[in-house]
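Contents: one structure, followed by commentary.
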Amino acid sequence: MPKVKISEYSATANSNTDVASINIDEGCAPSGINNAIRAVMGHLKDFQQGTYGDPFNGPVNGTLGATTASTAVVTTLNSTDATDASSTTAAAMKTAGGLAVAKKMFVGLDANIYGLTVGRGAGAVATNTALGASALASGSQTGIQNTAVGSGAFALNTSGNYGVAVGYDALAANTTGSGNTATGRRALFNNTTGSDNHAFGFNALFTNTTGASNTAIGSNALQANTTASNNTAVGYQAGYSGTTSAGNTFLGNSAGYSNTGNGYNTFVGRNAGYSVTSGYGNTFVGCSYSNQSAGFYVTTGNNNTILGGYSGNQGGLDIRTASNYVVLSDGDGNPRLWVTNGPFLFCPAVYADTAVASANVGILSTGEIYRTTSSLKYKTNVLDATHGLADVMKLRPVTYKSKRESENNFTYGGLIAEEVHEAGLTEFVQYAEDGSPDALHYSNMVSLAFKAIQELKAEFDAYKATHP
């Protein structure tokens, strides 16, 4: 019988006496050898293409290393071939368990390789990717464009879309939440319907269920958050205790650790705002070499601002439960300047730096602080003073005490701003925002006193001239 394919040749060389009916036995014609070689080359090409049924990929009898060739040729594969183990196509594929993998691949099912699920997940949604035991395992899966990598990742998802879960049990409980990203063991583990959350790190946003638009970066960051939204926490255990507190920004190891209140706090620095529980609207920025960083001891105060390492109870200033304070401190936490909820401005360094020169600082009703001067180069429209002795006589010098508690032990002397205004000396009066007299420019009244003295001197000289 003429040999037309490679599989028909014998492994015993002497048994091969012809090629496609061309005699190559002992004593054959030389032309036969040439023609036989050409025929063998054609057989090799047929072998490559599988034209006559020769399997190009070698032994295919179900056991890797088998030497008996299959009689089938794989040219196409359809669902019938993939599911029917007795089909000739399936038999041709049967290499080291390859049939089981092929069957699932071609009917839209996940493959299982050494217990590892690989495929699209339950529902066989074309745009989903699942890699890991029970990844995207929910039988009612309709969500699209999801990626689950890790055992139990996205295990219960049903209709949530556009999610990425990487890590053991990442986004495990998610059902309809969309646009979530979870990277790390049990990141966003309990999330069910919350959307647009991003968690990176072990147990990051672990307890979150319906909270949305949260970002947690770091092990246990925002781990207790349940329903709160719009939080950002970066750092190990940043925002650790918060459950329903929303709108917070915590940057730093354990920043905002105890916060459980109304939210909208911004804490930047290691342990910044660590003890704040129900306080809201606070901004603390700073970190000292100790654990007592910016606002570390503040608990319930609201709308406070701290810049530097001030802990909230340091340097004789205690605002642990106070509100509406602004504190500027150094890196060691020593308060250098602060504004109370009075509001009153304190700057201890100013008092400590004493001098014998006259005061040259003024404060307007708007709170503007400025330096007072006397040089002509700062002045314009300079005229001789017209107010004099007659105007001085309109004024009532008084003594008084301050209504401010810290000053009520002292007796002061001066004038009343309203009375100076009524005397028509308005250029010496400082007015409040509502237009009412508020303070006096005592330094400006020097010209009034000088003019009065000059007038008295003139009168005295005239008297002396007539009374020698």
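Quick note on naming: the chains in the structure tokens go A, B, ... in the order shown, residues restart at 1 in each chain, and ligands are numbered from 1 in order of appearance.
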From segment 413-462 of chain A, collect each residue whose DSSP state is helix (DSSP H, G or I) and return the set as a VMD selection string. chain A and resid 417 to 422 426 to 428 442 to 462
For Ala390 of chain A, list every protein, DNA or RNA residue within 12 Å, evaluated using only C-alpha atoms, and leave out those in the same chain fewer than 3 positions away; present the list as a compact mmCIF listing (two decimals) with C-alpha atoms, in the first residue's frame.
```txt
# COMPACT_ATOMS: atom_id res chain seq x y z
CA THR A 386 -6.29 125.05 63.96
CA HIS A 387 -7.53 123.38 67.13
CA MET A 393 -11.32 123.40 77.26
CA LYS A 394 -14.25 121.47 75.72
CA LEU A 395 -12.81 118.17 76.82
CA ALA A 423 -16.70 118.45 70.62
CA GLY A 424 -16.16 118.38 66.88
CA LEU A 425 -12.66 116.97 67.08
CA LEU A 448 -3.84 119.84 70.00
CA ALA A 449 -1.86 120.02 73.23
CA LYS A 451 -1.22 124.36 70.00
CA ALA A 452 -2.89 125.02 73.34
CA ILE A 453 0.49 125.46 75.04
CA GLU A 455 -1.57 129.93 72.76
CA LEU A 456 -1.09 130.03 76.54
```
Which residues, written as a PyMOL selection string, have at least one atom at most 12 Å from Val164 of chain A, with only C-alpha atoms counted and residues fewer than 6 positions away on the same chain left out? chain A and resi 128-131+135-136+143-150+153-154+157+170-172+174+177-184+187-188+195-200
Can you write just those residues out, C-alpha atoms, as a CSV table (one decimal), in the first residue's frame?
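Saved the output as again18.csv:
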```
chain,number,residue,atom,x,y,z
A,128,ASN,CA,-15.5,40.3,33.7
A,129,THR,CA,-12.2,38.6,34.8
A,130,ALA,CA,-12.0,36.2,37.7
A,131,LEU,CA,-8.9,34.6,39.0
A,135,ALA,CA,-13.8,35.0,42.8
A,136,LEU,CA,-16.9,36.6,41.3
A,143,GLY,CA,-22.3,43.2,36.7
A,144,ILE,CA,-19.9,44.2,33.9
A,145,GLN,CA,-16.3,45.2,33.6
A,146,ASN,CA,-15.3,43.8,37.0
A,147,THR,CA,-11.9,42.3,37.8
A,148,ALA,CA,-11.5,39.9,40.8
A,149,VAL,CA,-8.1,38.5,41.7
A,150,GLY,CA,-7.8,36.4,44.9
A,153,ALA,CA,-12.7,38.5,45.8
A,154,PHE,CA,-16.0,40.0,44.7
A,157,ASN,CA,-21.3,40.6,43.6
A,170,ALA,CA,-11.5,41.9,48.9
A,171,LEU,CA,-15.0,43.4,48.2
A,172,ALA,CA,-16.3,39.9,49.3
A,174,ASN,CA,-20.3,43.6,47.5
A,177,GLY,CA,-21.9,48.8,44.6
A,178,SER,CA,-20.1,50.1,41.5
A,179,GLY,CA,-16.8,51.8,40.7
A,180,ASN,CA,-15.0,50.4,43.8
A,181,THR,CA,-11.3,49.5,44.0
A,182,ALA,CA,-10.1,47.2,46.7
A,183,THR,CA,-6.5,46.1,47.0
A,184,GLY,CA,-5.4,44.1,50.0
A,187,ALA,CA,-10.1,45.5,51.8
A,188,LEU,CA,-13.7,46.8,51.6
A,195,SER,CA,-19.9,53.0,45.3
A,196,ASP,CA,-16.8,54.9,44.2
A,197,ASN,CA,-14.7,53.8,47.2
A,198,HIS,CA,-11.0,53.1,47.0
A,199,ALA,CA,-9.2,51.0,49.6
A,200,PHE,CA,-5.6,50.0,49.5
```
Need to verify the contact set: segment 219-232 of chain A, 8 Å, only C-alpha atoms, exclusion of same-chain residues closer than 3 positions in sequence. Can you return it as a PyMOL selection string? chain A and resi 200-216+235-251
Pick from A:Val298, A:Glu459, A:Thr260, A:Pro2: nearest to Thr17 of chain A, with only C-alpha atoms counted?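 Looking at the shortest contact to Thr17 of chain A, the residue is A:Pro2.
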In Å, how far is it from atom CA of Asn334 of chain A to atom CA of Val268 of chain A?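 Computing it gives 18.0 Å between the two atoms.
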Residues within 12 Å of Asp330 of chain A, please, as a list in words. Count only C-alpha atoms; anything in the same chain fewer than 2 positions from it doesn't count.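 Selected residues are Val285, Gly286, Cys287, Ser288, Tyr289, Ser293, Ala294, Ile306, Leu307, Gly308, Gly309, Tyr310, Ser311, Gln314, Gly315, Val327, Leu328, Asp332, Gly333, Asn334, Pro335, Arg336 and Leu337 of chain A.
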Can you tell me, as an MDAnalysis selection string, what residues are no more than 6 Å from Arg270 of chain A when counting only C-alpha atoms, ignoring any on the same chain fewer than 3 positions away? chainID A and resid 252:253 255 287
Selection from above, C-alpha atoms, as a PDB file, in the first residue's frame, can you write it?
```
ATOM      1  CA  GLY A 252      -0.475  60.407  58.644  1.00  0.00           C
ATOM      2  CA  ASN A 253       0.027  57.384  60.875  1.00  0.00           C
ATOM      3  CA  ALA A 255      -4.165  60.709  62.216  1.00  0.00           C
ATOM      4  CA  CYS A 287       3.993  66.721  64.061  1.00  0.00           C
TER       5      CYS A 287
END
```
Among the residues of segment 236-360 of chain A, find those DSSP assigns to strand (DSSP E or B) from the backbone and print them as an NGL selection string. :A and (246 or 249-251 or 263 or 266-268 or 280 or 283-285 or 305-307 or 313-314 or 317-318 or 326-329 or 335-339 or 345-346)
Measuring atom to atom with only C-alpha atoms, identify which of A:Gly32, A:Glu419, A:Tyr297, A:Thr158 is nearest to Val392 of chain A.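 Of the candidates, the smallest distance to Val392 of chain A is held by A:Glu419.
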Just the number, please: distance in Å from atom CA of Asn262 of chain A to atom CA of Tyr280 of chain A, one decimal.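 These two atoms are separated by 5.6 Å.
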